[in-house]
$ cat data-v1.cif   # mmCIF, C-alpha atoms and all ligand atoms
data_query
#
loop_
_atom_site.group_PDB
_atom_site.id
_atom_site.type_symbol
_atom_site.label_atom_id
_atom_site.label_comp_id
_atom_site.auth_asym_id
_atom_site.auth_seq_id
_atom_site.Cartn_x
_atom_site.Cartn_y
_atom_site.Cartn_z
ATOM 1 C CA MET D 21 76.925 177.738 140.417
ATOM 2 C CA ASN D 22 74.892 180.931 139.930
ATOM 3 C CA SER D 23 73.350 182.965 142.722
ATOM 4 C CA GLU D 24 69.841 181.558 142.187
ATOM 5 C CA ASN D 25 70.996 177.995 142.703
ATOM 6 C CA THR D 26 73.031 178.981 145.737
ATOM 7 C CA THR D 27 69.947 180.596 147.267
ATOM 8 C CA ASP D 28 67.863 177.484 146.617
ATOM 9 C CA ALA D 29 70.446 175.214 148.175
ATOM 10 C CA THR D 30 70.690 177.441 151.242
ATOM 11 C CA THR D 31 66.926 177.545 151.652
ATOM 12 C CA ALA D 32 66.694 173.790 151.466
ATOM 13 C CA LYS D 33 69.484 173.327 153.987
ATOM 14 C CA ASP D 34 68.548 176.006 156.512
ATOM 15 C CA GLY D 35 64.846 176.496 155.967
ATOM 16 C CA GLY D 36 63.894 173.086 157.282
ATOM 17 C CA GLU D 37 61.771 172.431 154.224
ATOM 18 C CA GLU D 38 62.238 168.951 152.820
ATOM 19 C CA PRO D 39 62.302 168.749 149.028
ATOM 20 C CA VAL D 40 58.984 167.539 147.617
ATOM 21 C CA VAL D 41 59.366 164.456 145.434
ATOM 22 C CA GLU D 42 56.340 164.419 143.158
ATOM 23 C CA SER D 43 56.309 160.627 142.729
ATOM 24 C CA PHE D 44 55.987 160.180 146.488
ATOM 25 C CA GLN D 45 52.840 162.358 146.476
ATOM 26 C CA LEU D 46 51.065 160.085 144.010
ATOM 27 C CA ASP D 47 48.372 157.857 145.522
ATOM 28 C CA HIS D 48 49.524 154.510 144.154
ATOM 29 C CA THR D 49 46.164 152.890 144.986
ATOM 30 C CA LYS D 50 44.342 155.219 142.554
ATOM 31 C CA VAL D 51 46.283 154.477 139.352
ATOM 32 C CA LYS D 52 45.374 151.976 136.652
ATOM 33 C CA ALA D 53 48.469 150.431 135.071
ATOM 34 C CA PRO D 54 49.828 149.999 132.451
ATOM 35 C CA TYR D 55 50.001 153.727 131.733
ATOM 36 C CA VAL D 56 52.179 156.711 130.856
ATOM 37 C CA ARG D 57 51.911 159.649 133.253
ATOM 38 C CA TYR D 58 53.388 163.098 132.671
ATOM 39 C CA ILE D 59 55.099 164.092 135.924
ATOM 40 C CA ASP D 60 56.539 167.541 135.328
ATOM 41 C CA THR D 61 58.831 169.746 133.320
ATOM 42 C CA GLU D 62 62.034 171.351 134.537
ATOM 43 C CA LYS D 63 63.404 174.478 132.907
ATOM 44 C CA GLY D 64 67.157 175.070 132.980
ATOM 45 C CA PRO D 65 68.914 178.435 133.342
ATOM 46 C CA HIS D 66 69.311 178.689 129.550
ATOM 47 C CA GLY D 67 65.655 177.918 128.832
ATOM 48 C CA ASP D 68 66.157 174.260 128.027
ATOM 49 C CA VAL D 69 63.194 172.106 128.984
ATOM 50 C CA ILE D 70 63.403 168.583 130.395
ATOM 51 C CA SER D 71 60.247 166.482 130.839
ATOM 52 C CA ASN D 72 59.791 163.637 133.287
ATOM 53 C CA TYR D 73 57.337 160.759 132.830
ATOM 54 C CA ASP D 74 56.166 157.763 134.870
ATOM 55 C CA LEU D 75 56.018 154.667 132.655
ATOM 56 C CA ARG D 76 54.043 152.263 134.859
ATOM 57 C CA LEU D 77 54.087 148.770 133.441
ATOM 58 C CA VAL D 78 52.363 146.803 136.218
ATOM 59 C CA GLN D 79 49.880 147.631 138.971
ATOM 60 C CA PRO D 80 51.636 148.952 142.112
ATOM 61 C CA ASN D 81 51.434 146.662 145.139
ATOM 62 C CA GLU D 82 49.830 143.910 143.095
ATOM 63 C CA ASN D 83 52.677 142.998 140.780
ATOM 64 C CA ALA D 84 56.402 143.565 140.267
ATOM 65 C CA ILE D 85 58.596 142.539 137.353
ATOM 66 C CA PRO D 86 61.365 140.175 138.520
ATOM 67 C CA THR D 87 64.810 141.759 138.403
ATOM 68 C CA ALA D 88 66.301 139.758 135.509
ATOM 69 C CA GLY D 89 63.369 140.506 133.200
ATOM 70 C CA LEU D 90 63.245 144.160 134.257
ATOM 71 C CA HIS D 91 66.994 144.450 133.662
ATOM 72 C CA THR D 92 66.659 143.079 130.117
ATOM 73 C CA ILE D 93 63.674 145.374 129.431
ATOM 74 C CA GLU D 94 65.761 148.298 130.721
ATOM 75 C CA HIS D 95 68.716 147.579 128.410
ATOM 76 C CA THR D 96 66.466 147.043 125.395
ATOM 77 C CA LEU D 97 64.302 150.127 126.047
ATOM 78 C CA ALA D 98 67.470 152.238 126.180
ATOM 79 C CA VAL D 99 67.863 151.580 122.447
ATOM 80 C CA GLN D 100 64.230 151.140 121.367
ATOM 81 C CA LEU D 101 62.817 154.245 123.095
ATOM 82 C CA ARG D 102 65.818 156.312 122.004
ATOM 83 C CA LYS D 103 64.956 155.470 118.386
ATOM 84 C CA ARG D 104 61.332 156.498 118.835
ATOM 85 C CA ILE D 105 61.368 159.533 121.140
ATOM 86 C CA PRO D 106 63.150 162.690 119.942
ATOM 87 C CA GLY D 107 65.266 164.140 122.732
ATOM 88 C CA TYR D 108 65.370 160.914 124.728
ATOM 89 C CA ILE D 109 67.698 161.296 127.726
ATOM 90 C CA ASP D 110 67.222 158.333 130.052
ATOM 91 C CA CYS D 111 64.810 155.618 131.144
ATOM 92 C CA SER D 112 65.586 154.040 134.523
ATOM 93 C CA PRO D 113 63.682 151.426 136.524
ATOM 94 C CA PHE D 114 61.824 152.218 139.746
ATOM 95 C CA GLY D 115 63.184 150.379 142.788
ATOM 96 C CA CYS D 116 59.686 148.928 143.320
ATOM 97 C CA ARG D 117 60.073 147.179 139.921
ATOM 98 C CA THR D 118 56.677 148.352 138.634
ATOM 99 C CA GLY D 119 57.982 150.645 135.886
ATOM 100 C CA PHE D 120 60.427 153.311 134.738
ATOM 101 C CA HIS D 121 61.174 157.006 134.901
ATOM 102 C CA LEU D 122 61.636 158.551 131.461
ATOM 103 C CA LEU D 123 63.487 161.844 130.956
ATOM 104 C CA THR D 124 63.431 163.733 127.658
ATOM 105 C CA TRP D 125 64.532 167.045 126.252
ATOM 106 C CA GLY D 126 61.470 169.087 125.319
ATOM 107 C CA GLU D 127 57.852 168.076 125.776
ATOM 108 C CA HIS D 128 55.985 165.112 124.331
ATOM 109 C CA SER D 129 52.345 164.132 124.671
ATOM 110 C CA THR D 130 51.632 161.071 126.807
ATOM 111 C CA VAL D 131 49.936 159.578 123.730
ATOM 112 C CA ASP D 132 53.195 159.798 121.758
ATOM 113 C CA VAL D 133 55.214 158.379 124.665
ATOM 114 C CA ALA D 134 52.675 155.557 125.191
ATOM 115 C CA LYS D 135 52.825 154.669 121.486
ATOM 116 C CA ALA D 136 56.634 154.601 121.564
ATOM 117 C CA LEU D 137 56.524 152.395 124.668
ATOM 118 C CA LYS D 138 53.977 150.103 123.048
ATOM 119 C CA GLU D 139 56.109 149.652 119.915
ATOM 120 C CA SER D 140 59.198 149.029 122.032
ATOM 121 C CA LEU D 141 57.433 146.379 124.129
ATOM 122 C CA GLU D 142 56.095 144.785 120.928
ATOM 123 C CA PHE D 143 59.674 144.516 119.754
ATOM 124 C CA ILE D 144 60.770 142.915 123.049
ATOM 125 C CA GLY D 145 57.716 140.671 123.268
ATOM 126 C CA PHE D 146 57.552 139.365 119.736
ATOM 127 C CA GLU D 147 60.735 140.097 117.770
ATOM 128 C CA ALA D 148 63.828 140.500 119.906
ATOM 129 C CA THR D 149 66.488 137.829 120.017
ATOM 130 C CA TRP D 150 69.370 137.773 122.457
ATOM 131 C CA ASP D 151 71.460 139.692 119.889
ATOM 132 C CA ASP D 152 68.985 142.599 120.161
ATOM 133 C CA VAL D 153 69.619 143.034 123.893
ATOM 134 C CA PRO D 154 72.472 145.533 124.166
ATOM 135 C CA ALA D 155 75.343 145.468 126.648
ATOM 136 C CA THR D 156 75.082 142.013 128.197
ATOM 137 C CA THR D 157 78.788 141.351 128.677
ATOM 138 C CA ILE D 158 80.916 141.562 131.798
ATOM 139 C CA GLU D 159 82.538 144.700 130.356
ATOM 140 C CA SER D 160 79.316 146.532 129.501
ATOM 141 C CA CYS D 161 76.913 145.718 132.359
ATOM 142 C CA GLY D 162 77.134 145.905 136.137
ATOM 143 C CA ASN D 163 75.380 142.572 136.702
ATOM 144 C CA TYR D 164 75.575 140.739 133.369
ATOM 145 C CA ARG D 165 74.521 137.371 134.849
ATOM 146 C CA ASP D 166 71.140 138.809 135.879
ATOM 147 C CA HIS D 167 69.314 139.061 132.541
ATOM 148 C CA SER D 168 66.336 137.142 131.184
ATOM 149 C CA LEU D 169 64.959 137.700 127.701
ATOM 150 C CA PHE D 170 62.431 134.955 128.387
ATOM 151 C CA SER D 171 61.045 136.912 131.356
ATOM 152 C CA ALA D 172 61.254 140.256 129.499
ATOM 153 C CA ARG D 173 59.346 138.765 126.572
ATOM 154 C CA GLN D 174 56.560 137.248 128.670
ATOM 155 C CA TRP D 175 56.102 140.359 130.805
ATOM 156 C CA SER D 176 56.040 142.563 127.698
ATOM 157 C CA ARG D 177 53.315 140.389 126.195
ATOM 158 C CA ASP D 178 51.276 140.502 129.423
ATOM 159 C CA ILE D 179 51.574 144.308 129.586
ATOM 160 C CA LEU D 180 50.574 144.684 125.925
ATOM 161 C CA ALA D 181 47.579 142.404 126.449
ATOM 162 C CA GLN D 182 46.245 144.909 129.006
ATOM 163 C CA GLY D 183 47.009 147.886 126.765
ATOM 164 C CA ILE D 184 49.008 151.015 127.617
ATOM 165 C CA SER D 185 46.928 154.004 128.670
ATOM 166 C CA SER D 186 47.958 157.616 128.042
ATOM 167 C CA ASP D 187 46.249 158.537 131.338
ATOM 168 C CA PRO D 188 47.101 157.082 134.781
ATOM 169 C CA PHE D 189 43.571 157.261 136.233
ATOM 170 C CA VAL D 190 41.281 156.667 133.263
ATOM 171 C CA ARG D 191 41.940 153.892 130.754
ATOM 172 C CA ARG D 192 42.798 155.581 127.451
ATOM 173 C CA VAL D 193 44.595 152.769 125.666
ATOM 174 C CA VAL D 194 46.734 153.816 122.690
HETATM 175 ZN ZN ZN A 1 72.876 146.146 133.120
#
$ encode --input "data-v1.cif" --output "structure tokens"
Amino acid sequence: MNSENTTDATTAKDGGEEPVVESFQLDHTKVKAPYVRYIDTEKGPHGDVISNYDLRLVQPNENAIPTAGLHTIEHTLAVQLRKRIPGYIDCSPFGCRTGFHLLTWGEHSTVDVAKALKESLEFIGFEATWDDVPATTIESCGNYRDHSLFSARQWSRDILAQGISSDPFVRRVV
């Protein structure tokens, strides 16, 4: 660990300042899902840039994707978004089950991310068969019984019917 990081850690521990989690600052009553929201960019010590996005599939506090469908969407997005977004790192579901966090190397416009998400949901909603859902065995998944392509398909279609906006507050459907 370099001296800068050590200083940061000490400040956080001793300074009494709680880390600020950007997503917890967002007013969830103001957003209009489905949308892609750019959260922020982190720069590493060697200049590498990592971007963080909020992929909100359903309206917070009005809807939530059931776990089995969300789980199948998660597995399938891991392959479909990776194909479509250069520098894809990870896409993990929110505990509230309304969407996903996306991490990428470098920076991408929310329009490009929204288009990639749209194409991926079109694949899940209208093309995917069970063989297209990766890692659904006891060896490759932590809860392999809890998958539903039927649910993933229907939710994907519902989300697509509303359109995916490249802005969280104003509807700019891609
Ligand atoms: Zn799994």
$ residues_near_ligand --input "data-v1.cif" --ligand "ligand ZN 1 (chain A)" --cutoff "10 Å" --atoms "all atoms listed in the file" --output "PyMOL selection string"
chain D and resi 88+90-95+154-158+160-167
$ residues_around --input "data-v1.cif" --residues "Val56 of chain D" --least-positions-apart "2" --cutoff "7 Å" --atoms "all atoms listed in the file" --output "PyMOL selection string"
chain D and resi 58+73-76+130+134+185-188
$ resolve_selection --input "data-v1.cif" --expression "the PyMOL selection byres (((chain D and resi 138) around 10) and not hetatm)" --output "PyMOL selection string"
chain D and resi 101+132-137+139-144+176+179-180+183-185+194
$ resolve_selection --input "data-v1.cif" --expression "the PyMOL selection byres (((chain D and resi 169) around 8) and not hetatm)" --output "mmCIF file with C-alpha atoms, in the coordinates of the input"
data_model
loop_
_atom_site.group_PDB
_atom_site.id
_atom_site.type_symbol
_atom_site.label_atom_id
_atom_site.label_comp_id
_atom_site.auth_asym_id
_atom_site.auth_seq_id
_atom_site.Cartn_x
_atom_site.Cartn_y
_atom_site.Cartn_z
ATOM 1 C CA GLY D 89 63.369 140.506 133.200
ATOM 2 C CA THR D 92 66.659 143.079 130.117
ATOM 3 C CA ILE D 93 63.674 145.374 129.431
ATOM 4 C CA THR D 149 66.488 137.829 120.017
ATOM 5 C CA TRP D 150 69.370 137.773 122.457
ATOM 6 C CA HIS D 167 69.314 139.061 132.541
ATOM 7 C CA SER D 168 66.336 137.142 131.184
ATOM 8 C CA PHE D 170 62.431 134.955 128.387
ATOM 9 C CA SER D 171 61.045 136.912 131.356
ATOM 10 C CA ALA D 172 61.254 140.256 129.499
ATOM 11 C CA ARG D 173 59.346 138.765 126.572
#
$ closest_residue --input "data-v1.cif" --among "D:Gln79, D:Ser112, D:Thr87, D:Gln174" --to "Thr49 of chain D" --atoms "all atoms listed in the file"
D:Gln79
$ resolve_selection --input "data-v1.cif" --expression "the PyMOL selection byres (((chain D and resi 50) around 12) and not hetatm)" --output "PyMOL selection string"
chain D and resi 45-49+51-53+79-81+187-190
$ atom_distance --input "data-v1.cif" --atom1 "atom CA of Glu82 of chain D" --atom2 "atom CA of Glu42 of chain D"
21.5 Å
$ axis_aligned_box --input "data-v1.cif" --around "segment 42-59 of chain D" --padding-each-side "6 Å" --output "lines of an AutoDock Vina configuration file"
center_x = 50.3
center_y = 157.2
center_z = 138.7
size_x = 24.0
size_y = 26.4
size_z = 27.6
$ atom_distance --input "data-v1.cif" --atom1 "atom CA of Val131 of chain D" --atom2 "atom CA of Phe146 of chain D"
22.0 Å
$ residues_around --input "data-v1.cif" --residues "Arg117 of chain D" --least-positions-apart "4" --cutoff "7 Å" --atoms "all atoms listed in the file" --output "list in words"
Ala84, Ile85 and Pro113 of chain D
$ closest_residue --input "data-v1.cif" --among "D:Thr118, D:Thr61, D:Thr96, D:Asn83" --to "Val153 of chain D" --atoms "all atoms listed in the file"
D:Thr96
$ atom_distance --input "data-v1.cif" --atom1 "atom CA of Arg104 of chain D" --atom2 "atom CA of Lys63 of chain D"
22.9 Å
$ residues_around --input "data-v1.cif" --residues "Trp125 of chain D" --least-positions-apart "5" --cutoff "6 Å" --atoms "only C-alpha atoms" --output "PDB file with C-alpha atoms, keeping the file's coordinate frame"
ATOM      1  CA  VAL D  69      63.194 172.106 128.984  1.00  0.00           C
ATOM      2  CA  ILE D  70      63.403 168.583 130.395  1.00  0.00           C
ATOM      3  CA  GLY D 107      65.266 164.140 122.732  1.00  0.00           C
TER       4      GLY D 107
END
